[in-house]
Each structure stands twice: as structure tokens, then as C-alpha cells.
file model_0.pdb (PDB, C-alpha atoms and all ligand atoms)
ATOM      1  CA  MET A  17       3.063  21.045  23.675
ATOM      2  CA  LYS A  18      -0.327  19.482  24.294
ATOM      3  CA  ILE A  19      -1.043  15.817  23.646
ATOM      4  CA  ILE A  20      -4.654  15.264  22.654
ATOM      5  CA  ARG A  21      -6.118  11.804  22.179
ATOM      6  CA  SER A  22      -9.834  12.537  22.186
ATOM      7  CA  LEU A  23     -11.492  13.489  18.882
ATOM      8  CA  THR A  24     -13.941  15.889  20.485
ATOM      9  CA  ALA A  25     -11.200  17.581  22.533
ATOM     10  CA  MET A  26      -9.196  18.065  19.337
ATOM     11  CA  THR A  27     -12.087  19.722  17.528
ATOM     12  CA  ALA A  28     -12.917  21.879  20.562
ATOM     13  CA  TRP A  29      -9.286  23.099  20.779
ATOM     14  CA  SER A  30      -9.226  24.081  17.095
ATOM     15  CA  GLU A  31     -12.639  25.730  17.108
ATOM     16  CA  GLN A  32     -11.775  27.787  20.192
ATOM     17  CA  LEU A  33      -8.532  29.067  18.621
ATOM     18  CA  LYS A  34     -10.218  29.808  15.321
ATOM     19  CA  ARG A  35     -12.784  31.945  17.148
ATOM     20  CA  GLU A  36      -9.799  33.932  18.444
ATOM     21  CA  GLY A  37      -8.566  34.462  14.872
ATOM     22  CA  VAL A  38      -5.755  31.903  15.039
ATOM     23  CA  ARG A  39      -4.768  30.199  11.757
ATOM     24  CA  ILE A  40      -4.435  26.449  12.315
ATOM     25  CA  GLY A  41      -1.880  24.431  10.358
ATOM     26  CA  PHE A  42      -1.919  20.634  10.179
ATOM     27  CA  ALA A  43       0.639  17.972   9.281
ATOM     28  CA  PRO A  44      -0.917  14.490   9.228
ATOM     29  CA  THR A  45       1.643  11.717   9.803
ATOM     30  CA  MET A  46       1.877   8.071  10.773
ATOM     31  CA  GLY A  47       4.749   8.881  13.151
ATOM     32  CA  ALA A  48       8.296   7.448  12.829
ATOM     33  CA  LEU A  49       9.218  11.042  12.112
ATOM     34  CA  HIS A  50      12.410  11.665  10.121
ATOM     35  CA  ASP A  51      14.187  14.664   8.607
ATOM     36  CA  GLY A  52      11.565  14.878   5.837
ATOM     37  CA  HIS A  53       8.822  15.358   8.460
ATOM     38  CA  ARG A  54      11.031  17.756  10.384
ATOM     39  CA  ALA A  55      11.466  19.964   7.303
ATOM     40  CA  LEU A  56       7.732  19.795   6.600
ATOM     41  CA  ILE A  57       6.880  20.733  10.209
ATOM     42  CA  ARG A  58       9.285  23.704  10.034
ATOM     43  CA  ALA A  59       7.706  24.882   6.776
ATOM     44  CA  ALA A  60       4.242  24.456   8.308
ATOM     45  CA  ARG A  61       5.223  26.519  11.365
ATOM     46  CA  LEU A  62       5.980  29.484   9.115
ATOM     47  CA  GLN A  63       2.552  29.355   7.501
ATOM     48  CA  CYS A  64       0.240  29.204  10.503
ATOM     49  CA  ASP A  65      -0.182  30.484  14.050
ATOM     50  CA  ALA A  66      -0.807  27.114  15.716
ATOM     51  CA  LEU A  67       0.346  23.750  14.422
ATOM     52  CA  VAL A  68      -1.198  20.316  14.924
ATOM     53  CA  VAL A  69       0.702  17.137  14.001
ATOM     54  CA  SER A  70      -1.292  13.923  14.029
ATOM     55  CA  ILE A  71       0.426  10.628  14.757
ATOM     56  CA  PHE A  72      -1.844   7.814  13.682
ATOM     57  CA  VAL A  73      -0.833   4.574  11.991
ATOM     58  CA  ASN A  74      -3.961   4.210   9.934
ATOM     59  CA  PRO A  75      -4.808   0.494   9.593
ATOM     60  CA  THR A  76      -7.211   0.946   6.688
ATOM     61  CA  GLN A  77      -4.493   2.063   4.273
ATOM     62  CA  PHE A  78      -2.448  -1.118   4.686
ATOM     63  CA  GLY A  79      -3.201  -4.170   2.541
ATOM     64  CA  PRO A  80      -3.603  -7.622   4.166
ATOM     65  CA  ASN A  81       0.041  -8.594   3.452
ATOM     66  CA  GLU A  82       1.588  -5.235   4.216
ATOM     67  CA  ASP A  83       3.642  -4.002   7.178
ATOM     68  CA  LEU A  84       0.934  -2.692   9.566
ATOM     69  CA  ALA A  85       2.042  -4.849  12.511
ATOM     70  CA  LYS A  86       5.721  -4.030  12.181
ATOM     71  CA  TYR A  87       5.315  -0.374  11.135
ATOM     72  CA  PRO A  88       7.703   1.592  13.433
ATOM     73  CA  ARG A  89       5.978   3.368  16.353
ATOM     74  CA  PRO A  90       8.672   5.305  18.275
ATOM     75  CA  LEU A  91       6.105   7.486  20.045
ATOM     76  CA  SER A  92       8.262   9.175  22.683
ATOM     77  CA  GLN A  93      10.902  10.019  20.078
ATOM     78  CA  ASP A  94       8.182  11.440  17.796
ATOM     79  CA  ARG A  95       6.778  13.557  20.616
ATOM     80  CA  ALA A  96      10.267  14.903  21.385
ATOM     81  CA  ILE A  97      10.750  15.907  17.729
ATOM     82  CA  CYS A  98       7.363  17.633  17.665
ATOM     83  CA  LYS A  99       8.143  19.491  20.887
ATOM     84  CA  LYS A 100      11.547  20.607  19.608
ATOM     85  CA  GLU A 101      10.036  21.838  16.341
ATOM     86  CA  GLY A 102       7.470  23.985  18.136
ATOM     87  CA  VAL A 103       4.364  21.882  17.437
ATOM     88  CA  ASP A 104       1.403  23.048  19.548
ATOM     89  CA  VAL A 105      -0.598  19.822  19.572
ATOM     90  CA  CYS A 106       0.323  16.201  18.972
ATOM     91  CA  PHE A 107      -2.965  14.565  18.067
ATOM     92  CA  GLU A 108      -2.790  10.840  18.831
ATOM     93  CA  PRO A 109      -6.199   9.242  18.356
ATOM     94  CA  THR A 110      -6.690   5.526  18.988
ATOM     95  CA  VAL A 111      -7.811   3.132  16.274
ATOM     96  CA  LYS A 112     -10.991   2.465  18.277
ATOM     97  CA  ALA A 113     -11.844   6.158  18.459
ATOM     98  CA  MET A 114     -11.237   6.655  14.745
ATOM     99  CA  TYR A 115     -13.044   3.480  13.678
ATOM    100  CA  PRO A 116     -15.635   2.641  16.348
ATOM    101  CA  SER A 117     -17.856  -0.357  15.797
ATOM    102  CA  GLY A 118     -20.478   0.565  13.232
ATOM    103  CA  PHE A 119     -18.052   2.698  11.216
ATOM    104  CA  GLN A 120     -19.009   2.271   7.551
ATOM    105  CA  ALA A 121     -18.283   5.268   5.348
ATOM    106  CA  LEU A 122     -15.561   5.218   2.692
ATOM    107  CA  VAL A 123     -14.623   8.037   0.351
ATOM    108  CA  ALA A 124     -15.094   6.972  -3.289
ATOM    109  CA  LEU A 125     -11.879   7.547  -5.180
ATOM    110  CA  PRO A 126     -11.356   9.969  -8.057
ATOM    111  CA  ALA A 127      -9.610   8.805 -11.266
ATOM    112  CA  ILE A 128      -6.288  10.228 -10.127
ATOM    113  CA  ALA A 129      -6.034   7.389  -7.586
ATOM    114  CA  ARG A 130      -6.615   4.621 -10.136
ATOM    115  CA  ARG A 131      -3.148   4.016 -11.585
ATOM    116  CA  TRP A 132       0.338   3.493 -10.102
ATOM    117  CA  GLU A 133       0.055   3.113  -6.293
ATOM    118  CA  GLY A 134      -3.686   2.591  -6.739
ATOM    119  CA  GLU A 135      -3.048  -0.423  -8.950
ATOM    120  CA  VAL A 136      -0.226  -1.989  -6.927
ATOM    121  CA  ARG A 137      -1.878  -1.329  -3.532
ATOM    122  CA  PRO A 138      -5.619  -1.699  -4.206
ATOM    123  CA  HIS A 139      -6.834  -0.790  -0.673
ATOM    124  CA  HIS A 140      -4.363   1.945   0.006
ATOM    125  CA  PHE A 141      -5.932   5.106  -1.364
ATOM    126  CA  SER A 142      -9.436   4.427  -0.118
ATOM    127  CA  GLY A 143      -7.915   4.208   3.386
ATOM    128  CA  VAL A 144      -5.891   7.381   2.847
ATOM    129  CA  ALA A 145      -8.790   9.369   1.369
ATOM    130  CA  THR A 146     -11.110   8.357   4.186
ATOM    131  CA  VAL A 147      -8.680   9.007   7.032
ATOM    132  CA  VAL A 148      -7.522  12.360   5.616
ATOM    133  CA  THR A 149     -11.139  13.489   5.174
ATOM    134  CA  LYS A 150     -11.863  12.370   8.737
ATOM    135  CA  LEU A 151      -8.746  14.074  10.135
ATOM    136  CA  PHE A 152      -9.674  17.317   8.366
ATOM    137  CA  GLY A 153     -13.150  17.056   9.917
ATOM    138  CA  ILE A 154     -11.662  16.580  13.382
ATOM    139  CA  VAL A 155      -8.721  19.018  13.289
ATOM    140  CA  ARG A 156     -10.449  21.595  11.026
ATOM    141  CA  PRO A 157      -7.249  23.291   9.866
ATOM    142  CA  GLN A 158      -7.023  26.160   7.406
ATOM    143  CA  ILE A 159      -3.827  24.758   5.874
ATOM    144  CA  ALA A 160      -2.383  21.229   5.670
ATOM    145  CA  LEU A 161       1.009  20.055   4.461
ATOM    146  CA  PHE A 162       1.892  16.830   2.659
ATOM    147  CA  GLY A 163       5.256  15.559   1.403
ATOM    148  CA  GLN A 164       5.983  15.461  -2.324
ATOM    149  CA  LYS A 165       7.514  11.991  -1.936
ATOM    150  CA  ASP A 166       3.961  10.639  -1.981
ATOM    151  CA  PHE A 167       3.111  12.562  -5.136
ATOM    152  CA  GLN A 168      -0.046  10.655  -5.994
ATOM    153  CA  GLN A 169      -1.305  10.957  -2.411
ATOM    154  CA  SER A 170      -0.900  14.757  -2.542
ATOM    155  CA  ALA A 171      -2.665  14.892  -5.905
ATOM    156  CA  LEU A 172      -5.493  12.781  -4.479
ATOM    157  CA  VAL A 173      -5.837  15.036  -1.426
ATOM    158  CA  ARG A 174      -5.952  18.160  -3.627
ATOM    159  CA  GLN A 175      -8.700  16.556  -5.711
ATOM    160  CA  LEU A 176     -10.713  15.612  -2.596
ATOM    161  CA  VAL A 177     -10.425  19.115  -1.182
ATOM    162  CA  LYS A 178     -11.585  20.606  -4.476
ATOM    163  CA  ASP A 179     -14.413  18.157  -5.187
ATOM    164  CA  LEU A 180     -15.739  17.906  -1.632
ATOM    165  CA  ASN A 181     -15.200  21.588  -0.679
ATOM    166  CA  LEU A 182     -13.178  20.624   2.366
ATOM    167  CA  GLY A 183     -11.965  24.215   2.773
ATOM    168  CA  VAL A 184      -8.321  23.382   3.541
ATOM    169  CA  GLU A 185      -5.384  24.926   1.697
ATOM    170  CA  ILE A 186      -3.007  22.126   0.630
ATOM    171  CA  VAL A 187       0.733  22.756   0.512
ATOM    172  CA  VAL A 188       3.093  20.121  -0.873
ATOM    173  CA  HIS A 189       6.554  20.172   0.653
ATOM    174  CA  PRO A 190       9.582  19.091  -1.454
ATOM    175  CA  THR A 191      11.111  15.662  -0.848
ATOM    176  CA  VAL A 192      14.015  15.581   1.589
ATOM    177  CA  ARG A 193      16.825  13.282   0.444
ATOM    178  CA  GLU A 194      19.823  11.469   1.871
ATOM    179  CA  ALA A 195      23.260  12.482   0.557
ATOM    180  CA  ASP A 196      23.063   9.829  -2.211
ATOM    181  CA  GLY A 197      19.594  10.989  -3.289
ATOM    182  CA  LEU A 198      17.417   8.342  -1.562
ATOM    183  CA  ALA A 199      14.126   9.967  -0.514
ATOM    184  CA  ARG A 200      13.681  10.012   3.278
ATOM    185  CA  SER A 201      11.002   7.568   4.348
ATOM    186  CA  SER A 202       9.962   5.909   7.596
ATOM    187  CA  ARG A 203      10.394   2.556   5.814
ATOM    188  CA  ASN A 204      14.086   3.100   4.921
ATOM    189  CA  ILE A 205      15.019   1.552   8.270
ATOM    190  CA  TYR A 206      13.848  -1.824   6.926
ATOM    191  CA  LEU A 207      16.651  -1.833   4.298
ATOM    192  CA  SER A 208      19.639  -4.134   4.894
ATOM    193  CA  PRO A 209      23.021  -2.325   4.669
ATOM    194  CA  ASP A 210      23.587  -3.664   1.119
ATOM    195  CA  ASP A 211      20.087  -2.737  -0.033
ATOM    196  CA  ARG A 212      20.473   0.696   1.527
ATOM    197  CA  ILE A 213      23.375   1.301  -0.883
ATOM    198  CA  ARG A 214      21.374  -0.076  -3.820
ATOM    199  CA  ALA A 215      18.291   1.964  -2.918
ATOM    200  CA  ALA A 216      19.637   5.225  -4.399
ATOM    201  CA  THR A 217      19.353   3.625  -7.865
ATOM    202  CA  LEU A 218      15.670   4.608  -7.965
ATOM    203  CA  TYR A 219      16.494   8.306  -7.657
ATOM    204  CA  LYS A 220      19.362   7.924 -10.155
ATOM    205  CA  SER A 221      16.980   6.311 -12.619
ATOM    206  CA  LEU A 222      14.504   9.201 -12.291
ATOM    207  CA  GLN A 223      17.398  11.584 -12.789
ATOM    208  CA  THR A 224      18.371   9.908 -16.067
ATOM    209  CA  GLY A 225      14.783  10.514 -17.216
ATOM    210  CA  ALA A 226      14.960  14.162 -16.138
ATOM    211  CA  GLU A 227      18.287  14.601 -17.943
ATOM    212  CA  ALA A 228      16.837  13.143 -21.141
ATOM    213  CA  ILE A 229      13.962  15.639 -20.946
ATOM    214  CA  ARG A 230      16.371  18.502 -20.364
ATOM    215  CA  ARG A 231      18.380  17.358 -23.408
ATOM    216  CA  GLY A 232      15.197  17.790 -25.451
ATOM    217  CA  VAL A 233      13.827  14.216 -25.633
ATOM    218  CA  THR A 234      10.041  14.514 -25.843
ATOM    219  CA  ASP A 235       8.966  10.924 -26.513
ATOM    220  CA  GLY A 236       7.507   9.495 -23.304
ATOM    221  CA  VAL A 237       8.370   5.885 -24.186
ATOM    222  CA  SER A 238      12.057   6.746 -24.857
ATOM    223  CA  ILE A 239      12.263   8.589 -21.543
ATOM    224  CA  GLN A 240      10.730   5.604 -19.780
ATOM    225  CA  LYS A 241      13.225   3.227 -21.459
ATOM    226  CA  THR A 242      16.121   5.386 -20.281
ATOM    227  CA  MET A 243      14.859   5.129 -16.702
ATOM    228  CA  LEU A 244      14.277   1.363 -16.998
ATOM    229  CA  GLN A 245      17.836   0.820 -18.223
ATOM    230  CA  ALA A 246      19.254   2.571 -15.156
ATOM    231  CA  ILE A 247      17.317   0.192 -12.866
ATOM    232  CA  ARG A 248      18.192  -2.924 -14.877
ATOM    233  CA  GLY A 249      21.818  -2.327 -13.867
ATOM    234  CA  GLU A 250      20.673  -3.237 -10.336
ATOM    235  CA  PRO A 251      19.407  -6.850 -10.545
ATOM    236  CA  ALA A 252      18.295  -6.959  -6.880
ATOM    237  CA  MET A 253      15.673  -4.314  -7.648
ATOM    238  CA  THR A 254      12.310  -5.220  -9.169
ATOM    239  CA  ILE A 255      10.202  -2.537 -10.784
ATOM    240  CA  ASP A 256       6.548  -1.945  -9.937
ATOM    241  CA  TYR A 257       6.332   1.018 -12.328
ATOM    242  CA  LEU A 258       8.403   3.783 -13.859
ATOM    243  CA  SER A 259       6.308   6.296 -15.705
ATOM    244  CA  VAL A 260       6.259   9.648 -17.432
ATOM    245  CA  CYS A 261       3.057  11.443 -16.489
ATOM    246  CA  ASP A 262       1.033  14.600 -16.641
ATOM    247  CA  PRO A 263       1.424  16.060 -13.100
ATOM    248  CA  SER A 264      -2.205  17.133 -12.853
ATOM    249  CA  THR A 265      -3.962  13.975 -14.105
ATOM    250  CA  LEU A 266      -1.191  11.363 -13.536
ATOM    251  CA  GLU A 267      -2.045   9.889 -16.935
ATOM    252  CA  PRO A 268       0.977   8.635 -18.939
ATOM    253  CA  LEU A 269       2.362  11.088 -21.493
ATOM    254  CA  PHE A 270       3.451   9.841 -24.897
ATOM    255  CA  SER A 271       4.762  13.250 -25.808
ATOM    256  CA  VAL A 272       6.001  15.459 -22.989
ATOM    257  CA  ARG A 273       4.660  18.969 -22.626
ATOM    258  CA  SER A 274       5.675  21.820 -20.343
ATOM    259  CA  ARG A 275       5.675  19.968 -17.004
ATOM    260  CA  VAL A 276       6.127  16.299 -16.370
ATOM    261  CA  VAL A 277       6.247  14.092 -13.314
ATOM    262  CA  LEU A 278       8.435  11.002 -13.383
ATOM    263  CA  LEU A 279       6.999   8.428 -11.001
ATOM    264  CA  GLY A 280       8.795   5.324  -9.796
ATOM    265  CA  ALA A 281       8.192   2.415  -7.434
ATOM    266  CA  VAL A 282      10.527  -0.534  -6.916
ATOM    267  CA  ARG A 283      11.090  -3.386  -4.506
ATOM    268  CA  LEU A 284      14.308  -4.378  -2.827
ATOM    269  CA  GLY A 285      13.718  -7.628  -0.968
ATOM    270  CA  SER A 286      10.558  -7.011   1.051
ATOM    271  CA  VAL A 287      10.969  -3.219   1.048
ATOM    272  CA  ARG A 288       9.033  -1.043  -1.368
ATOM    273  CA  LEU A 289      10.438   2.343  -2.339
ATOM    274  CA  ILE A 290       8.600   5.115  -4.160
ATOM    275  CA  ASP A 291       9.924   8.389  -5.503
ATOM    276  CA  ASN A 292       9.216  11.036  -8.132
ATOM    277  CA  LEU A 293      10.710  14.051  -9.866
ATOM    278  CA  LEU A 294       8.860  17.032 -11.268
ATOM    279  CA  VAL A 295      10.558  18.248 -14.426
ATOM    280  CA  THR A 296       9.974  21.403 -16.435
ATOM    281  CA  THR A 297      10.741  20.870 -20.108
ATOM    282  CA  PRO A 298      13.231  23.273 -21.730
ATOM    283  CA  ARG A 299      11.796  26.171 -23.734
ATOM    284  CA  ARG A 300      12.498  25.864 -27.413
ATOM    285  CA  VAL A 301      13.777  28.954 -29.233
ATOM    286  CA  THR A 302      12.090  29.159 -32.621
TER     287      THR A 302
HETATM  288  O1  LIG B 401       1.538  10.052   4.280
HETATM  289  C1  LIG B 401       1.165   9.530   5.362
HETATM  290  O2  LIG B 401       1.917   9.430   6.337
HETATM  291  C2  LIG B 401      -0.255   8.978   5.473
HETATM  292  O3  LIG B 401      -0.674   8.416   4.280
HETATM  293  C3  LIG B 401      -1.273  10.012   5.990
HETATM  294  C4  LIG B 401      -1.434  11.164   5.016
HETATM  295  C5  LIG B 401      -0.843  10.527   7.348
HETATM  296  C6  LIG B 401      -2.647   9.349   6.154
HETATM  297  O4  LIG B 401      -2.614   8.301   7.060
END
call {"tool": "encode", "arguments": {"input": "model_0.pdb", "output": "C-alpha cells"}}
result
Amino acid sequence: MKIIRSLTAMTAWSEQLKREGVRIGFAPTMGALHDGHRALIRAARLQCDALVVSIFVNPTQFGPNEDLAKYPRPLSQDRAICKKEGVDVCFEPTVKAMYPSGFQALVALPAIARRWEGEVRPHHFSGVATVVTKLFGIVRPQIALFGQKDFQQSALVRQLVKDLNLGVEIVVHPTVREADGLARSSRNIYLSPDDRIRAATLYKSLQTGAEAIRRGVTDGVSIQKTMLQAIRGEPAMTIDYLSVCDPSTLEPLFSVRSRVVLLGAVRLGSVRLIDNLLVTTPRRVT
């Protein structure tokens, strides 16, 4: 496995392989790789000839009071995981190389980024959109994989690729969960033992929403209330949002149609958890 830190060396490596007919796959990450990343890297391996994983804790997607300084950076462990999973290149640019003095451009956000995470974390998506666009420009992959856990992020990236003709196929990999349903996340390590037990309530709440839909409930507000009730049984948890949305626009649905995404974000102490479930509504026999 190669470790590349220089932006120009990264582009040169990709361009050379592409000239030889190699299909380049890309998994952008901020490191602190867990089983969710591992599963995504394995899926990526099957869909390309050469795989690049970037490890870059992108400062511009953290708000002023967020966890940038303490974000886990277990680099040698991450490299070992990449090597074991057959990654060809670990791309590890520095912050200075990505954002040299004089850096100014920012990608203007589409409407899909406005609500939910966009509202709670006002700087987040402009940082994500800009760094992903930059990484695509440097790595120049044909295919890139993102985790479904960050549903709105994946939707945003799809929109960017479409609107800006970035020429990358986007694949969204299903969320990998712990045995009790908690979505795997690099931030789960911040949870105290008690909060770790409580944390699965978010997934359980989304499941109650999904069950209501499967039972035939179509009213978005009733589905949302069902999910809220499940969280209210856990007083240590505060809710940022729990919503019933159209999966392509992320606008709230008052009456559910064929496919729905249930989005949730909560806080447990200083830890923020997000999760989602895609639900297909039952067909009605007439
Ligand atoms: O999902 C992440 O880890 C990050 O938001 C990403 C896509 C690597 C951009 O920094």
C-alpha cells in the first residue's frame, strides 16, 4: 500500500492508472476507521480495480465549538486497517496543502443541505461540499463510496455531482450497526458506559416509526410523534430533530408516499448521534 501526502503526486498516480484503463475507486474518510468503514472499503474493492482511501480530518466542516481538536486520529491503526483491506493508496494530505494561504473558494450549497444537519451545524455542509469537490478534483476517481449513516451528506454529494458534472459515480453503502442497533461512528468512543447503553434508543425510535409505516400509518405527524415518544422514555437524551422526509428532497412529508427516510439526531451529554432509516411503504391491495 502506498502512502501519498502530496496533492500533485496523488493526481499523477490516478491519471497514470486511468491511462492504463484502471478503474479508480475512492472512499473519503476522516480516519478513526471502524467496522462501518471496513465494510464500505470491502464493498468499494469489489467495484474498482484500484482503491484510494483518504484520511483527512477536514477542519472546515467543524463548527467553532465542535470536536475538531479532540477528534480521534489513530493514524497507524487506520493505515493497518487500510492495508489489511487491500487499499492501494492511503491519501493523507496536510491541512496546509489542502488550504494554503490565499484559499478562498467555497461551494454554494443546494437546498438539500438547508434543513436538519444544515440547520443544527451551520458551517458543516459548506465544509463538506468544498472538501469533497476538492478531493474529487485531486483523486479523480470514477466511483466514490459514502456511508448511509450520513444520509444528508450522501444526498448532498449526489446533488453536487449532478449539478456540477463532477463525473463520479456515487455509491451509498448501508449503515453498519452494533448488536443493539447503534450505528457505527467514530464518535461513539466519546460515550460514557451508561450513555453507550442509552444510545441505542435513537435507532429504536426510528424503528418505531418504520413499524408504524409498515402497519399502514401514512400521516407524517403521527409517525413523528411515535418516534418522539420512544425517545422521551430516555430523559438523558435531547432531540435535535426527528423527521419523516422525502428521500430525494429531504423535505418533511405530511403524508407518506412510496419511500420515506426517517432522520434523527440527538444529544447524550456532549455527544451528538445521528441515524436514519429508509422505509418502503406497504403496497395497498385495492
Ligand atoms: O463523512 C466523512 O467522514 C466526511 O464528512 C468526509 C466525507 C470524509 C468529508 O470530510
call {"tool": "residues_around", "arguments": {"input": "model_0.pdb", "residues": "segment 253-264 of chain A", "least_positions_apart": "2", "cutoff": "7 Å", "atoms": "all atoms listed in the file", "output": "PDB file with C-alpha atoms, keeping the file's coordinate frame"}}
result
ATOM      1  CA  TRP A 132       0.338   3.493 -10.102  1.00  0.00           C
ATOM      2  CA  GLY A 236       7.507   9.495 -23.304  1.00  0.00           C
ATOM      3  CA  GLN A 240      10.730   5.604 -19.780  1.00  0.00           C
ATOM      4  CA  GLU A 250      20.673  -3.237 -10.336  1.00  0.00           C
ATOM      5  CA  PRO A 251      19.407  -6.850 -10.545  1.00  0.00           C
ATOM      6  CA  LEU A 266      -1.191  11.363 -13.536  1.00  0.00           C
ATOM      7  CA  GLU A 267      -2.045   9.889 -16.935  1.00  0.00           C
ATOM      8  CA  PRO A 268       0.977   8.635 -18.939  1.00  0.00           C
ATOM      9  CA  LEU A 269       2.362  11.088 -21.493  1.00  0.00           C
ATOM     10  CA  ARG A 275       5.675  19.968 -17.004  1.00  0.00           C
ATOM     11  CA  VAL A 276       6.127  16.299 -16.370  1.00  0.00           C
ATOM     12  CA  VAL A 277       6.247  14.092 -13.314  1.00  0.00           C
ATOM     13  CA  LEU A 278       8.435  11.002 -13.383  1.00  0.00           C
ATOM     14  CA  LEU A 279       6.999   8.428 -11.001  1.00  0.00           C
ATOM     15  CA  GLY A 280       8.795   5.324  -9.796  1.00  0.00           C
ATOM     16  CA  ALA A 281       8.192   2.415  -7.434  1.00  0.00           C
ATOM     17  CA  VAL A 282      10.527  -0.534  -6.916  1.00  0.00           C
ATOM     18  CA  ARG A 283      11.090  -3.386  -4.506  1.00  0.00           C
ATOM     19  CA  LEU A 284      14.308  -4.378  -2.827  1.00  0.00           C
TER      20      LEU A 284
END
call {"tool": "resolve_selection", "arguments": {"input": "model_0.pdb", "expression": "the PyMOL selection byres (((chain A and resi 75-86) around 6) and not hetatm)", "output": "PDB file with C-alpha atoms, keeping the file's coordinate frame"}}
result
ATOM      1  CA  ASN A  74      -3.961   4.210   9.934  1.00  0.00           C
ATOM      2  CA  TYR A  87       5.315  -0.374  11.135  1.00  0.00           C
ATOM      3  CA  HIS A 139      -6.834  -0.790  -0.673  1.00  0.00           C
ATOM      4  CA  HIS A 140      -4.363   1.945   0.006  1.00  0.00           C
ATOM      5  CA  GLY A 143      -7.915   4.208   3.386  1.00  0.00           C
ATOM      6  CA  VAL A 144      -5.891   7.381   2.847  1.00  0.00           C
TER       7      VAL A 144
END
call {"tool": "atom_distance", "arguments": {"input": "model_0.pdb", "atom1": "atom C1 of ligand LIG 401 (chain B)", "atom2": "atom CA of Lys220 of chain A"}}
result
24.0 Å
call {"tool": "resolve_selection", "arguments": {"input": "model_0.pdb", "expression": "the PyMOL selection byres (((not hetatm)) within 9 of (chain B and resi 401))", "output": "number ranges by chain"}}
result
A: 43-47, 70-77, 140-141, 143-148, 151, 162-163, 165-166, 169-170, 173, 202
call {"tool": "resolve_selection", "arguments": {"input": "model_0.pdb", "expression": "the PyMOL selection byres (((chain A and resi 234) around 12) and not hetatm)", "output": "list in words"}}
result
Gly225, Ala226, Glu227, Ala228, Ile229, Arg230, Arg231, Gly232, Val233, Asp235, Gly236, Val237, Ser238, Ile239, Gln240, Val260, Leu269, Phe270, Ser271, Val272, Arg273, Ser274, Arg275, Val276, Thr296, Thr297, Pro298, Arg299 and Arg300 of chain A
call {"tool": "atom_distance", "arguments": {"input": "model_0.pdb", "atom1": "atom CA of Val295 of chain A", "atom2": "atom CA of Asp196 of chain A"}}
result
19.4 Å
call {"tool": "residues_near_point", "arguments": {"input": "model_0.pdb", "point": "(16.1, -3.7, 1.9)", "cutoff": "8 Å", "atoms": "all atoms listed in the file", "output": "PyMOL selection string"}}
result
chain A and resi 204+206-212+215+284-287
call {"tool": "closest_residue", "arguments": {"input": "model_0.pdb", "among": "A:Ser30, A:Thr217, A:Thr265, A:Thr191", "to": "Leu293 of chain A", "atoms": "all atoms listed in the file"}}
result
A:Thr191
call {"tool": "residues_near_point", "arguments": {"input": "model_0.pdb", "point": "(-3.0, 22.0, 8.9)", "cutoff": "6 Å", "atoms": "only C-alpha atoms", "output": "NGL selection string"}}
result
:A and (40-43 or 157-160)
call {"tool": "atom_distance", "arguments": {"input": "model_0.pdb", "atom1": "atom CA of Phe107 of chain A", "atom2": "atom CA of Leu23 of chain A"}}
result
8.6 Å
call {"tool": "closest_residue", "arguments": {"input": "model_0.pdb", "among": "A:Asp51, A:Glu135, A:Asp94, A:Glu31", "to": "Val155 of chain A", "atoms": "all atoms listed in the file"}}
result
A:Glu31
call {"tool": "closest_residue", "arguments": {"input": "model_0.pdb", "among": "A:Lys34, A:Met114, A:Asn292, A:Ala59", "to": "Ile154 of chain A", "atoms": "only C-alpha atoms"}}
result
A:Met114
call {"tool": "closest_residue", "arguments": {"input": "model_0.pdb", "among": "A:Ile247, A:Ala124, A:Val69, A:Val177", "to": "Arg95 of chain A", "atoms": "all atoms listed in the file"}}
result
A:Val69
call {"tool": "residues_around", "arguments": {"input": "model_0.pdb", "residues": "Val105 of chain A", "least_positions_apart": "3", "cutoff": "9 Å", "atoms": "only C-alpha atoms", "output": "PyMOL selection string"}}
result
chain A and resi 17-20+26+66-70+98-99
call {"tool": "write_last_selection", "arguments": {"input": "model_0.pdb", "atoms": "C-alpha atoms", "output": "PDB file, keeping the file's coordinate frame"}}
result
ATOM      1  CA  MET A  17       3.063  21.045  23.675  1.00  0.00           C
ATOM      2  CA  LYS A  18      -0.327  19.482  24.294  1.00  0.00           C
ATOM      3  CA  ILE A  19      -1.043  15.817  23.646  1.00  0.00           C
ATOM      4  CA  ILE A  20      -4.654  15.264  22.654  1.00  0.00           C
ATOM      5  CA  MET A  26      -9.196  18.065  19.337  1.00  0.00           C
ATOM      6  CA  ALA A  66      -0.807  27.114  15.716  1.00  0.00           C
ATOM      7  CA  LEU A  67       0.346  23.750  14.422  1.00  0.00           C
ATOM      8  CA  VAL A  68      -1.198  20.316  14.924  1.00  0.00           C
ATOM      9  CA  VAL A  69       0.702  17.137  14.001  1.00  0.00           C
ATOM     10  CA  SER A  70      -1.292  13.923  14.029  1.00  0.00           C
ATOM     11  CA  CYS A  98       7.363  17.633  17.665  1.00  0.00           C
ATOM     12  CA  LYS A  99       8.143  19.491  20.887  1.00  0.00           C
TER      13      LYS A  99
END
call {"tool": "closest_residue", "arguments": {"input": "model_0.pdb", "among": "A:Lys100, A:Arg193, A:Arg156, A:Arg248", "to": "Trp29 of chain A", "atoms": "all atoms listed in the file"}}
result
A:Arg156
call {"tool": "axis_aligned_box", "arguments": {"input": "model_0.pdb", "around": "segment 198-208 of chain A", "padding_each_side": "8 Å", "output": "lines of an AutoDock Vina configuration file"}}
result
center_x = 14.8
center_y = 2.9
center_z = 3.4
size_x = 25.7
size_y = 30.1
size_z = 25.8
call {"tool": "closest_residue", "arguments": {"input": "model_0.pdb", "among": "A:Ser142, A:Ser201, A:Ser92, A:Gln120", "to": "Cys106 of chain A", "atoms": "only C-alpha atoms"}}
result
A:Ser92
